[in-house]
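Taking it in order: structure first as structure tokens, then the write-up.
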Amino acid sequence: MSRYASIVVGILVAAVCVRLGVWQLDRLTQRKASNAIVREQLTAPVLAVDDPRVWADPSATDVLRHRRVTGTGVYDFEREVMVMARVHRGVPGVHVVTPLRITDDLAVLVERGWVPASDGKRPAIDLAETGDTVLVSGVFVTPGEGATAQSADPGWPRYVTGLNVTVLSAAYSYRLAPLILRRTELPATAPTDMRAIPLPPMTNGPHLSYAAQWFAFATIALVGSFIVFRRQGRWGVTVS
């Protein structure tokens with residue numbers, strides 16, 4: 001490799017690293033913008049989940065996502081869903097998801113909470129909550145968009161690996177709202193071992209540190225190629 005070839009290689013490597021660093025900074029900007037939208041949604045006025053106007057436009061999920069909601073309905077305990085293999089502080093368990101009947105033909109799936117299950121599938125505690133009509137408070141979250149794998153167990157509860165409303169709706173005789181209601185506070189009637197499912201933390205992610213690493217690699221490439229250039233010139237050596 002000639003002296004000047006080492007400089008060219010160093011510049012090319014540095015250019016790629018700088019481009020990747022800029023890309024990470026762009027990702028950071030996008031993450032901050034997304035977090036700002038979530039914060040704005042969380043601080044908006046509380047919606048009534050049983051208000052028909054909330055569901056007037058089934059496609060308006062972006063407007064409802066991350067909004068705080070409250071309202072009354074009737075739990076359909078006979079048609080619950082268990083999201084398997086959910087760990088809380090090192091303990092295996094499940095997320096208990098129960099339809100909340102808002103009207104005769106509409107229900108919203110409520111993530112009631114996490115409960116322990118030694119096999120990560122079947123809780124050993126009573127999951128019922130007292131009261132016919134219940135008051136529920138929480139936040140609308142987006143369900144999964146991928147496939148929802150279900151166990152081979154027939155009947156109810158359904159054991160799944162994730163929540164996909166489109167897939168699950170086929171198992172119900174009534175319509176399901178397009179968003180999931182995650183309870184942020186548990187009522188006194190909740191099972192003793194149930195824990196609220198926290199919202200995802202709003203952080204900036206690792207993008208800034210990744211960008212710094214790529215810029216550092218770019219610096220190393222430039223400095224390293226310059227050192228090779230100087231040494232080859234000093235010793236009159238050309239690496240073939």
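Just remember, in the structure tokens the first chain shown is A, the second B, etc., residues are 1-based per chain, and ligands are 1-based in the order shown.
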
Under the rule of at most 8 Å, produce a per-residue listing of stretch 99-208 of chain A near stretch 65-85 of chain A: chain, number, name, the closest pair of atoms, and the distance in Å, as JSON lines, using only C-alpha atoms.
```
{"residue": "A:Pro99", "atom": "CA", "partner": "A:Asp76", "partner_atom": "CA", "distance": 5.4}
{"residue": "A:Leu100", "atom": "CA", "partner": "A:Tyr75", "partner_atom": "CA", "distance": 4.5}
{"residue": "A:Arg101", "atom": "CA", "partner": "A:Val74", "partner_atom": "CA", "distance": 5.0}
{"residue": "A:Ile102", "atom": "CA", "partner": "A:Gly73", "partner_atom": "CA", "distance": 4.9}
{"residue": "A:Thr103", "atom": "CA", "partner": "A:Gly73", "partner_atom": "CA", "distance": 7.8}
{"residue": "A:Gly120", "atom": "CA", "partner": "A:Ala85", "partner_atom": "CA", "distance": 4.5}
{"residue": "A:Lys121", "atom": "CA", "partner": "A:Met84", "partner_atom": "CA", "distance": 5.1}
{"residue": "A:Ala128", "atom": "CA", "partner": "A:Phe77", "partner_atom": "CA", "distance": 7.0}
{"residue": "A:Asp132", "atom": "CA", "partner": "A:Val74", "partner_atom": "CA", "distance": 6.0}
{"residue": "A:Thr133", "atom": "CA", "partner": "A:Val74", "partner_atom": "CA", "distance": 4.9}
{"residue": "A:Val134", "atom": "CA", "partner": "A:Thr72", "partner_atom": "CA", "distance": 5.4}
{"residue": "A:Leu135", "atom": "CA", "partner": "A:Thr72", "partner_atom": "CA", "distance": 4.4}
{"residue": "A:Val136", "atom": "CA", "partner": "A:Thr70", "partner_atom": "CA", "distance": 5.5}
{"residue": "A:Ser137", "atom": "CA", "partner": "A:Thr70", "partner_atom": "CA", "distance": 4.2}
{"residue": "A:Gly138", "atom": "CA", "partner": "A:Val69", "partner_atom": "CA", "distance": 5.5}
{"residue": "A:Val139", "atom": "CA", "partner": "A:Arg68", "partner_atom": "CA", "distance": 4.4}
{"residue": "A:Phe140", "atom": "CA", "partner": "A:His66", "partner_atom": "CA", "distance": 5.0}
{"residue": "A:Val141", "atom": "CA", "partner": "A:Arg65", "partner_atom": "CA", "distance": 5.7}
{"residue": "A:Thr142", "atom": "CA", "partner": "A:Arg65", "partner_atom": "CA", "distance": 6.6}
{"residue": "A:Trp156", "atom": "CA", "partner": "A:Arg79", "partner_atom": "CA", "distance": 5.7}
{"residue": "A:Pro157", "atom": "CA", "partner": "A:Glu80", "partner_atom": "CA", "distance": 4.9}
{"residue": "A:Arg158", "atom": "CA", "partner": "A:Val81", "partner_atom": "CA", "distance": 4.7}
{"residue": "A:Tyr159", "atom": "CA", "partner": "A:Met82", "partner_atom": "CA", "distance": 4.8}
{"residue": "A:Val160", "atom": "CA", "partner": "A:Val83", "partner_atom": "CA", "distance": 5.0}
{"residue": "A:Thr161", "atom": "CA", "partner": "A:Val83", "partner_atom": "CA", "distance": 5.4}
{"residue": "A:Gly162", "atom": "CA", "partner": "A:Val83", "partner_atom": "CA", "distance": 5.9}
{"residue": "A:Leu163", "atom": "CA", "partner": "A:Val83", "partner_atom": "CA", "distance": 7.4}
{"residue": "A:Leu179", "atom": "CA", "partner": "A:Arg65", "partner_atom": "CA", "distance": 7.5}
```

Per DSSP on the backbone, what are the helix (DSSP H, G or I) residues of stretch 10-214 of chain A, as a VMD selection string?
-> chain A and resid 10 to 42 52 to 55 61 to 64 77 to 79 165 to 171 207 to 214

Length of the atom CA of A:Ile11 to atom CA of A:Phe226 vector [Å] | 9.8 Å

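Proximity of A:Pro187, A:Asp193, A:Asp62, A:Phe215 to A:Val38, computed with only C-alpha atoms, is greatest for A:Asp62.
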
In stretch 4-205 of chain A, what's strand (DSSP E) per DSSP? Answer as an MDAnalysis selection string?
-> chainID A and resid 47:48 68:75 81:88 91:103 106:116 133:141 158:160 175:176 180:183

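With atom CA of A:Thr43 on one side and atom CA of A:Ala107 on the other, the separation reads 24.8 Å.
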
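Each of A:Ala117, A:Ala5, A:Leu64, A:Leu199 was checked against A:Arg182 using only C-alpha atoms; the smallest atom-to-atom distance is that of A:Leu199.
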
Atom-to-atom span, atom CA of A:Ser34 and atom CA of A:Ser59, Å =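 Distance reported for this atom pair: 20.0 Å.
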
Polymer residues at most 10 Å from A:Thr29, only C-alpha atoms, same-chain spacing of 4 or more positions, as number ranges by chain = A: 23-25, 33-35, 204, 207-208
